[in-house]
Amino acid sequence: MAETDLSPAPRTSTADTAPGNASAGRPTTATAATTPPRRRRAPRTPGRHGGNRPLRVILRLAVIVYLFFLVVWPVSLVVLRTFAPVGDTGGWDAFVTRISDPAFLYAFGLTFTAALWAVGLNAVFGLGISLLLVRYSFPGRRLLSALVDLPMSVSPVVVGLALVLAYSSNQGRFGPLLQSLDWQIVFSTPGIVLATTFVSLPLVIREIVPVLEEIGTEQELAARSLGAGAVQTFRRITLPAIKWALVYGVVLSLARALGEFGAVKIVSQGASFNGETATLLVANRYGNFDEASAYAAAFLLVLTAITALVVVTILRPKEHRS
Amino acid sequence: MSITVSGINKNFGDFVALQDINLEIPSGQLTALLGPSGGGKSTLLRIIAGLENADSGSITISGQEATHLPAQKRNVGFVFQHYAAFKHMSVAKNIAFGLEIRKLPKARIKEKVDSLLELVHLTQFADRLPAQLSGGQRQRMALARALAIEPSVLLLDEPFGALDAKVRKELRDWLRRLHDEVHVTTLFVTHDQEEALEVSDNIVVINQGRVEQVGTPDELYDQPANDFVLGFLGPVTEFQGRLVRPHDLEVFRQEVPGAVAGRIARSTRVGFEVRLEVELNGSADAAPVNVVVTRGEARALGLTVGDTVFLGLQAVLV
Ligand SMILES: Nc1ncnc2c1ncn2[C@@H]1O[C@H](COP(=O)(O)OP(=O)(O)O)[C@@H](O)[C@H]1O
Ligand SMILES: [Mg+2]
């Protein structure tokens, strides 16, 4: 039937004019008419606070000052100190020497291992939990939703203590079992992974849930009625829609995981070559009057996190930016 | 190619959304599911499509038992009020979706998509994203997407409800003509009686989860089964203890056997018609009777507010 040539042509003149189309009322170039550009930010009309220009300037100034003194300035000091001369060494060469220290490499290796595990686990389970929270209704759904936020609201130190109680070979619930398997969780890498995963748990979920709620179920139902099964619908419809939320959640998780200190401090031995993560190294070196190394490590941590955020912001298509 | 609905019941908690629905949707026709908002129209449509499960009852599509068939196996085209466009896919990709799922050869898909784009007059928009289309265009895309899978039945849930009046009217006419060409069994939901009367071959009136009446537009309009259907299909007024349509009353200036005297309390002209409110003599506290006459009639009779007139039911109805 699709081949049937439809002779009665509708009068599409009005139907073809998009009332909400950005190009409707304004003059556009010929190319824009056929392939309109990606949706840009709203044109610079007087803002939502219309004519109140002084207020806008004051607000903007306040925000800049606030962010500068709270974030930009202190962090930039770390960067400056990283490359500041100490005695007769300093600058780039000294920095490279410091970060080539095997203890440094071990610490960053451990941090990245833990972070990658945490991010991987949280991406998979975060996706699952988000779908469960938004697409299904079941008793205890609100409770689960609140529970998911717990890791963000409990102090990481407390998380560390809880994990020790639960999973240490000496006193934990599974202690005897773990001992008999000769498998150590706490005071070893799995404990660090566990702690890091715990503290970064909500980030992926909190990015995905609002997007899932916003897209609703109609597209998924439409896909179903067109013959797609559950997996096809997820892969072709749901996943592309939440892709950037997932990526953003992963990056936030990564940044959070790289920076985790309190929980790791409790569940790790924290000594050089023995459970010393990058953040523990910063604390240890700082406490042992090796401030230069502490700043070098701190700088690398900041750099990694900022790089990840910047890369995602650049990659993210414009219409997905909020 | 017909749809048979038998004994469908559906509750949402304590709320009865559908109660013992039995319907036969004739093959190849355009049937409207008409009723007030909240009456259960969408629920019934979604149950037919397999997007919702009934508590009891059965659905047969084209003679095939479909009650327990998942949506993706029913081969039903579904069009949503808010388009449900796949936002991240171009118009062509949207239309190709069902064909790609069915793993048709690439060349065949392209051929079908092209002819469908032509059918819905979106050829020059093939590479646009849905966000770059108007509402009417999006809905035509959704229709093409549903038609692409050569569905045994086409279900439309208030397909024009989100569009402005002019586009809605155009698409309505277009759907009618499209259906005359394509002849796929179509069931479309609307709460707009004018839309149903104008477009459909048959109308099913649904109210509060129950079927009130099934029939052709003429049958429903001329022989409504009850006051609800009468009232829902057009304006009504009470005349001598009976509900009648305002334009079925005749206005006389002289006393006529069977006619009742009254006074014109209000007169409103809307386009070519004049709406009168007549207070019948001796029933001042009852609501006035609404009468509609053409502008020409009103002029010929010289009707003005305050005049005494005589109202009678038009001869055909007595
Ligand atoms: N998923 C649902 N959960 C609870 N109530 C629902 C649900 N879907 C529909 N309803 C209720 O069922 C009734 C019928 O809804 P619907 O079929 O959408 O009516 P219509 O399409 O005729 O406007 C409404 O009162 C609506 O609130
Ligand atoms: Mg509805």
# chains A, B, ... in the order shown; residues from 1 in each chain; ligands from 1
>>> select_by_dssp(residues="stretch 13-219 of chain B", states="alpha helix (DSSP H)", output="ChimeraX atom specification")
/B:41-49,91-101,106-119,135-148,165-182,193-199,217-219
>>> closest_atom_pairs(of="chain B", to="ligand 2", cutoff="8 Å", atoms="only C-alpha atoms and all ligand atoms", output="Markdown table")
| residue | atom | partner | partner_atom_place_in_ligand_line | distance |
| --- | --- | --- | --- | --- |
| B:Ser37 | CA | ligand 2 | 1 (Mg) | 6.5 |
| B:Gly38 | CA | ligand 2 | 1 (Mg) | 6.7 |
| B:Gly40 | CA | ligand 2 | 1 (Mg) | 7.0 |
| B:Lys41 | CA | ligand 2 | 1 (Mg) | 5.7 |
| B:Ser42 | CA | ligand 2 | 1 (Mg) | 4.2 |
| B:Thr43 | CA | ligand 2 | 1 (Mg) | 7.2 |
| B:Asp157 | CA | ligand 2 | 1 (Mg) | 6.6 |
| B:Glu158 | CA | ligand 2 | 1 (Mg) | 6.9 |
| B:Val189 | CA | ligand 2 | 1 (Mg) | 7.4 |
| B:Thr190 | CA | ligand 2 | 1 (Mg) | 7.9 |
>>> write_last_selection(atoms="all heavy atoms", output="PDB file, in the first residue's frame")
ATOM      1  N   SER B  37     -13.267  13.467  27.362  1.00  0.00           N
ATOM      2  CA  SER B  37     -11.952  13.194  27.929  1.00  0.00           C
ATOM      3  C   SER B  37     -12.091  12.356  29.200  1.00  0.00           C
ATOM      4  O   SER B  37     -12.985  12.597  30.004  1.00  0.00           O
ATOM      5  CB  SER B  37     -11.277  14.527  28.222  1.00  0.00           C
ATOM      6  OG  SER B  37      -9.979  14.316  28.622  1.00  0.00           O
ATOM      7  N   GLY B  38     -11.241  11.364  29.338  1.00  0.00           N
ATOM      8  CA  GLY B  38     -11.285  10.506  30.518  1.00  0.00           C
ATOM      9  C   GLY B  38     -12.252   9.354  30.384  1.00  0.00           C
ATOM     10  O   GLY B  38     -12.441   8.576  31.316  1.00  0.00           O
ATOM     11  N   GLY B  40     -11.998   6.694  28.518  1.00  0.00           N
ATOM     12  CA  GLY B  40     -11.365   5.394  28.339  1.00  0.00           C
ATOM     13  C   GLY B  40     -10.972   5.093  26.900  1.00  0.00           C
ATOM     14  O   GLY B  40     -10.580   3.975  26.584  1.00  0.00           O
ATOM     15  N   LYS B  41     -11.037   6.104  26.027  1.00  0.00           N
ATOM     16  CA  LYS B  41     -10.729   5.884  24.613  1.00  0.00           C
ATOM     17  C   LYS B  41      -9.280   5.454  24.414  1.00  0.00           C
ATOM     18  O   LYS B  41      -9.003   4.455  23.747  1.00  0.00           O
ATOM     19  CB  LYS B  41     -10.990   7.169  23.807  1.00  0.00           C
ATOM     20  CG  LYS B  41     -12.368   7.767  24.009  1.00  0.00           C
ATOM     21  CD  LYS B  41     -12.556   9.017  23.180  1.00  0.00           C
ATOM     22  CE  LYS B  41     -11.648  10.173  23.559  1.00  0.00           C
ATOM     23  NZ  LYS B  41     -11.919  10.721  24.913  1.00  0.00           N
ATOM     24  N   SER B  42      -8.372   6.224  25.004  1.00  0.00           N
ATOM     25  CA  SER B  42      -6.951   5.894  24.833  1.00  0.00           C
ATOM     26  C   SER B  42      -6.642   4.531  25.415  1.00  0.00           C
ATOM     27  O   SER B  42      -5.892   3.750  24.832  1.00  0.00           O
ATOM     28  CB  SER B  42      -6.075   6.937  25.522  1.00  0.00           C
ATOM     29  OG  SER B  42      -6.276   8.180  24.938  1.00  0.00           O
ATOM     30  N   THR B  43      -7.234   4.248  26.567  1.00  0.00           N
ATOM     31  CA  THR B  43      -6.985   2.960  27.206  1.00  0.00           C
ATOM     32  C   THR B  43      -7.401   1.827  26.280  1.00  0.00           C
ATOM     33  O   THR B  43      -6.651   0.866  26.092  1.00  0.00           O
ATOM     34  CB  THR B  43      -7.752   2.890  28.542  1.00  0.00           C
ATOM     35  OG1 THR B  43      -7.380   4.008  29.335  1.00  0.00           O
ATOM     36  CG2 THR B  43      -7.432   1.607  29.281  1.00  0.00           C
ATOM     37  N   ASP B 157      -4.332   7.966  18.148  1.00  0.00           N
ATOM     38  CA  ASP B 157      -4.861   8.502  19.399  1.00  0.00           C
ATOM     39  C   ASP B 157      -4.861  10.023  19.362  1.00  0.00           C
ATOM     40  O   ASP B 157      -3.822  10.651  19.521  1.00  0.00           O
ATOM     41  CB  ASP B 157      -4.028   8.003  20.583  1.00  0.00           C
ATOM     42  CG  ASP B 157      -4.710   8.288  21.913  1.00  0.00           C
ATOM     43  OD1 ASP B 157      -5.761   8.965  21.912  1.00  0.00           O
ATOM     44  OD2 ASP B 157      -4.199   7.840  22.947  1.00  0.00           O
ATOM     45  N   GLU B 158      -5.999  10.607  19.154  1.00  0.00           N
ATOM     46  CA  GLU B 158      -6.144  12.059  19.005  1.00  0.00           C
ATOM     47  C   GLU B 158      -4.997  12.636  18.181  1.00  0.00           C
ATOM     48  O   GLU B 158      -4.245  13.486  18.654  1.00  0.00           O
ATOM     49  CB  GLU B 158      -6.198  12.734  20.390  1.00  0.00           C
ATOM     50  CG  GLU B 158      -7.243  12.091  21.273  1.00  0.00           C
ATOM     51  CD  GLU B 158      -8.001  13.071  22.139  1.00  0.00           C
ATOM     52  OE1 GLU B 158      -7.949  14.273  21.856  1.00  0.00           O
ATOM     53  OE2 GLU B 158      -8.667  12.606  23.074  1.00  0.00           O
ATOM     54  N   VAL B 189      -9.057   7.966  17.623  1.00  0.00           N
ATOM     55  CA  VAL B 189      -9.674   8.507  18.815  1.00  0.00           C
ATOM     56  C   VAL B 189      -9.830  10.005  18.676  1.00  0.00           C
ATOM     57  O   VAL B 189      -8.938  10.691  18.181  1.00  0.00           O
ATOM     58  CB  VAL B 189      -8.793   8.200  20.051  1.00  0.00           C
ATOM     59  CG1 VAL B 189      -9.205   9.060  21.225  1.00  0.00           C
ATOM     60  CG2 VAL B 189      -8.870   6.732  20.406  1.00  0.00           C
ATOM     61  N   THR B 190     -10.974  10.506  19.087  1.00  0.00           N
ATOM     62  CA  THR B 190     -11.143  11.953  19.125  1.00  0.00           C
ATOM     63  C   THR B 190     -12.182  12.318  20.173  1.00  0.00           C
ATOM     64  O   THR B 190     -13.038  11.509  20.510  1.00  0.00           O
ATOM     65  CB  THR B 190     -11.563  12.504  17.743  1.00  0.00           C
ATOM     66  OG1 THR B 190     -11.743  13.911  17.854  1.00  0.00           O
ATOM     67  CG2 THR B 190     -12.858  11.869  17.253  1.00  0.00           C
TER      68      THR B 190
END
>>> residues_around(residues="B:Val113", least_positions_apart="3", cutoff="7 Å", atoms="only C-alpha atoms", output="MDAnalysis selection string")
chainID B and resid 92 95:96 109:110 116:117
>>> residues_around(residues="B:Ile47", least_positions_apart="5", cutoff="9 Å", atoms="only C-alpha atoms", output="MDAnalysis selection string")
chainID B and resid 8 42 52:54 59 67
>>> select_by_dssp(residues="stretch 21-52 of chain B", states="strand (DSSP E)", output="PyMOL selection string")
chain B and resi 21-25+30-34
>>> write_last_selection(atoms="all heavy atoms", output="tab-separated table (two decimals), in the first residue's frame")
chain	number	residue	atom	x	y	z
B	21	ILE	N	-16.41	-4.10	27.24
B	21	ILE	CA	-16.45	-3.50	25.90
B	21	ILE	C	-16.52	-4.59	24.85
B	21	ILE	O	-15.68	-5.49	24.82
B	21	ILE	CB	-15.18	-2.65	25.65
B	21	ILE	CG1	-15.01	-1.56	26.72
B	21	ILE	CG2	-15.21	-2.05	24.25
B	21	ILE	CD1	-15.94	-0.40	26.59
B	22	ASN	N	-17.54	-4.53	24.01
B	22	ASN	CA	-17.67	-5.45	22.89
B	22	ASN	C	-17.82	-4.63	21.61
B	22	ASN	O	-18.73	-3.82	21.51
B	22	ASN	CB	-18.90	-6.36	23.06
B	22	ASN	CG	-18.73	-7.27	24.25
B	22	ASN	OD1	-17.98	-8.23	24.21
B	22	ASN	ND2	-19.42	-6.95	25.33
B	23	LEU	N	-16.90	-4.85	20.67
B	23	LEU	CA	-16.92	-4.04	19.45
B	23	LEU	C	-16.48	-4.86	18.27
B	23	LEU	O	-15.67	-5.78	18.40
B	23	LEU	CB	-15.94	-2.87	19.59
B	23	LEU	CG	-16.38	-1.62	20.34
B	23	LEU	CD1	-15.21	-0.66	20.38
B	23	LEU	CD2	-17.58	-0.98	19.68
B	24	GLU	N	-16.99	-4.48	17.13
B	24	GLU	CA	-16.53	-5.07	15.87
B	24	GLU	C	-16.15	-3.90	14.99
B	24	GLU	O	-17.00	-3.11	14.59
B	24	GLU	CB	-17.67	-5.88	15.25
B	24	GLU	CG	-17.30	-6.68	14.02
B	24	GLU	CD	-16.48	-7.91	14.37
B	24	GLU	OE1	-16.77	-8.55	15.41
B	24	GLU	OE2	-15.56	-8.21	13.60
B	25	ILE	N	-14.84	-3.74	14.75
B	25	ILE	CA	-14.41	-2.62	13.91
B	25	ILE	C	-14.29	-3.14	12.49
B	25	ILE	O	-13.46	-3.99	12.20
B	25	ILE	CB	-13.04	-2.07	14.38
B	25	ILE	CG1	-13.06	-1.74	15.88
B	25	ILE	CG2	-12.66	-0.84	13.56
B	25	ILE	CD1	-14.01	-0.67	16.29
B	30	LEU	N	-12.87	3.63	8.18
B	30	LEU	CA	-12.32	4.62	9.09
B	30	LEU	C	-13.33	4.79	10.23
B	30	LEU	O	-14.43	5.30	10.03
B	30	LEU	CB	-12.12	5.95	8.35
B	30	LEU	CG	-11.40	7.08	9.04
B	30	LEU	CD1	-10.03	6.65	9.52
B	30	LEU	CD2	-11.24	8.25	8.08
B	31	THR	N	-12.97	4.29	11.40
B	31	THR	CA	-13.89	4.31	12.52
B	31	THR	C	-13.38	5.29	13.57
B	31	THR	O	-12.19	5.29	13.90
B	31	THR	CB	-14.02	2.91	13.14
B	31	THR	OG1	-14.42	2.01	12.12
B	31	THR	CG2	-15.02	2.89	14.27
B	32	ALA	N	-14.28	6.10	14.09
B	32	ALA	CA	-13.89	7.06	15.13
B	32	ALA	C	-14.32	6.52	16.48
B	32	ALA	O	-15.40	5.96	16.63
B	32	ALA	CB	-14.54	8.41	14.87
B	33	LEU	N	-13.44	6.70	17.46
B	33	LEU	CA	-13.75	6.37	18.84
B	33	LEU	C	-13.98	7.72	19.50
B	33	LEU	O	-13.04	8.46	19.74
B	33	LEU	CB	-12.55	5.65	19.44
B	33	LEU	CG	-12.74	4.57	20.48
B	33	LEU	CD1	-13.76	3.56	20.03
B	33	LEU	CD2	-11.41	3.88	20.74
B	34	LEU	N	-15.24	8.04	19.74
B	34	LEU	CA	-15.58	9.39	20.16
B	34	LEU	C	-16.08	9.38	21.59
B	34	LEU	O	-16.84	8.50	21.99
B	34	LEU	CB	-16.67	9.95	19.24
B	34	LEU	CG	-17.28	11.30	19.59
B	34	LEU	CD1	-16.26	12.41	19.40
B	34	LEU	CD2	-18.51	11.57	18.73
>>> atom_distance(atom1="atom CA of B:Asn9", atom2="atom CA of B:Val204")
16.8 Å
>>> residues_around(residues="A:Gly227", least_positions_apart="2", cutoff="10 Å", atoms="only C-alpha atoms", output="JSON, numbers by chain")
{"A": [221, 222, 223, 224, 225, 229, 230, 232, 233], "B": [70, 71, 72, 73, 74, 75, 76, 77, 97, 98, 99, 100, 101, 102, 149]}
>>> closest_residue(among="A:Ile242, A:Ile208, A:Ala107, A:Leu181", to="A:Leu258", atoms="only C-alpha atoms")
A:Ala107
>>> residues_around(residues="B:Ile61", least_positions_apart="2", cutoff="8 Å", atoms="only C-alpha atoms", output="PyMOL selection string")
chain B and resi 1-4+59+63-66+74+152-153
>>> write_last_selection(atoms="C-alpha atoms", output="compact mmCIF listing (two decimals), in the first residue's frame")
# COMPACT_ATOMS: atom_id res chain seq x y z
CA MET B 1 -8.39 -6.97 8.57
CA SER B 2 -11.06 -6.20 11.15
CA ILE B 3 -10.71 -5.81 14.90
CA THR B 4 -12.89 -7.71 17.33
CA ILE B 59 -8.77 -8.92 21.17
CA GLY B 63 -8.98 -12.94 12.60
CA GLN B 64 -5.85 -13.64 14.64
CA GLU B 65 -6.14 -14.00 18.39
CA ALA B 66 -3.98 -11.17 19.73
CA ARG B 74 0.69 -7.33 16.49
CA SER B 152 -3.08 -4.73 9.50
CA VAL B 153 -4.77 -1.92 11.40
>>> closest_residue(among="B:Gly296, B:Pro151, B:Gly135, B:Pro257", to="B:Phe272", atoms="only C-alpha atoms")
B:Gly296
>>> residues_around(residues="A:Ala146", least_positions_apart="5", cutoff="12 Å", atoms="only C-alpha atoms", output="ChimeraX atom specification")
/A:133,140-141,151-153,202,205-206
>>> write_last_selection(atoms="all heavy atoms", output="CSV table (one decimal), in the first residue's frame")
chain,number,residue,atom,x,y,z
A,133,LEU,N,13.9,2.8,38.5
A,133,LEU,CA,13.3,3.9,39.2
A,133,LEU,C,12.2,4.6,38.4
A,133,LEU,O,11.2,5.0,38.8
A,133,LEU,CB,14.3,4.9,39.7
A,133,LEU,CG,15.1,4.5,40.9
A,133,LEU,CD1,16.1,5.6,41.3
A,133,LEU,CD2,14.2,4.3,42.1
A,140,GLY,N,8.1,0.4,47.4
A,140,GLY,CA,9.4,0.8,47.9
A,140,GLY,C,10.2,1.6,46.9
A,140,GLY,O,11.4,1.7,47.1
A,141,ARG,N,9.6,2.0,45.8
A,141,ARG,CA,10.3,2.7,44.8
A,141,ARG,C,10.9,4.1,45.4
A,141,ARG,O,12.0,4.4,45.1
A,141,ARG,CB,9.4,3.0,43.6
A,141,ARG,CG,10.2,3.3,42.4
A,141,ARG,CD,9.2,3.6,41.3
A,141,ARG,NE,8.4,4.8,41.6
A,141,ARG,CZ,8.6,6.0,41.0
A,141,ARG,NH1,9.5,6.1,40.1
A,141,ARG,NH2,7.9,7.0,41.4
A,151,PRO,N,24.7,7.7,49.7
A,151,PRO,CA,26.2,7.9,49.6
A,151,PRO,C,26.7,9.3,49.5
A,151,PRO,O,27.8,9.6,49.9
A,151,PRO,CB,26.5,7.1,48.4
A,151,PRO,CG,25.5,6.1,48.2
A,151,PRO,CD,24.2,6.8,48.7
A,152,MET,N,25.8,10.2,48.9
A,152,MET,CA,26.2,11.6,48.8
A,152,MET,C,26.0,12.3,50.1
A,152,MET,O,26.6,13.4,50.3
A,152,MET,CB,25.4,12.3,47.7
A,152,MET,CG,25.7,11.8,46.3
A,152,MET,SD,27.4,12.1,45.9
A,152,MET,CE,27.2,13.7,45.0
A,153,SER,N,25.1,11.8,51.0
A,153,SER,CA,24.8,12.6,52.1
A,153,SER,C,25.6,12.1,53.4
A,153,SER,O,25.7,12.9,54.4
A,153,SER,CB,23.3,12.6,52.4
A,153,SER,OG,22.7,11.5,51.9
A,202,PRO,N,25.6,7.7,43.3
A,202,PRO,CA,24.5,8.4,42.8
A,202,PRO,C,24.7,9.2,41.6
A,202,PRO,O,23.7,9.6,40.9
A,202,PRO,CB,24.1,9.4,44.0
A,202,PRO,CG,25.0,9.0,45.1
A,202,PRO,CD,26.2,8.3,44.6
A,205,ILE,N,23.2,8.0,38.3
A,205,ILE,CA,21.8,7.9,38.4
A,205,ILE,C,21.1,9.3,38.4
A,205,ILE,O,20.1,9.5,37.7
A,205,ILE,CB,21.4,7.2,39.7
A,205,ILE,CG1,22.0,5.7,39.7
A,205,ILE,CG2,19.9,7.1,39.9
A,205,ILE,CD1,21.9,5.0,41.0
A,206,ARG,N,21.7,10.2,39.1
A,206,ARG,CA,21.1,11.5,39.2
A,206,ARG,C,21.2,12.3,37.8
A,206,ARG,O,20.5,13.2,37.6
A,206,ARG,CB,21.8,12.4,40.3
A,206,ARG,CG,21.4,11.9,41.7
A,206,ARG,CD,19.8,12.0,41.9
A,206,ARG,NE,19.4,11.0,42.9
A,206,ARG,CZ,18.3,10.3,42.8
A,206,ARG,NH1,17.5,10.5,41.8
A,206,ARG,NH2,17.9,9.5,43.7
>>> atom_distance(atom1="atom CA of A:Glu220", atom2="atom CA of B:Ser56")
24.9 Å
>>> closest_residue(among="B:Glu238, B:Asp14, B:Asp20, B:Asp307", to="ligand 1", atoms="only C-alpha atoms and all ligand atoms")
B:Asp14
>>> closest_residue(among="A:Phe104, A:Phe68, A:Trp117, A:Tyr136", to="ligand 1", atoms="only C-alpha atoms and all ligand atoms")
A:Tyr136
>>> closest_residue(among="B:Gly39, B:Phe232, B:Val79, B:Leu154", to="ligand 1", atoms="only C-alpha atoms and all ligand atoms")
B:Gly39
>>> closest_residue(among="A:Ala118, A:Leu143, A:Leu105, A:Ile237", to="chain B", atoms="only C-alpha atoms")
A:Ile237
>>> atom_distance(atom1="atom CA of A:Arg316", atom2="atom CA of A:Leu121")
22.8 Å
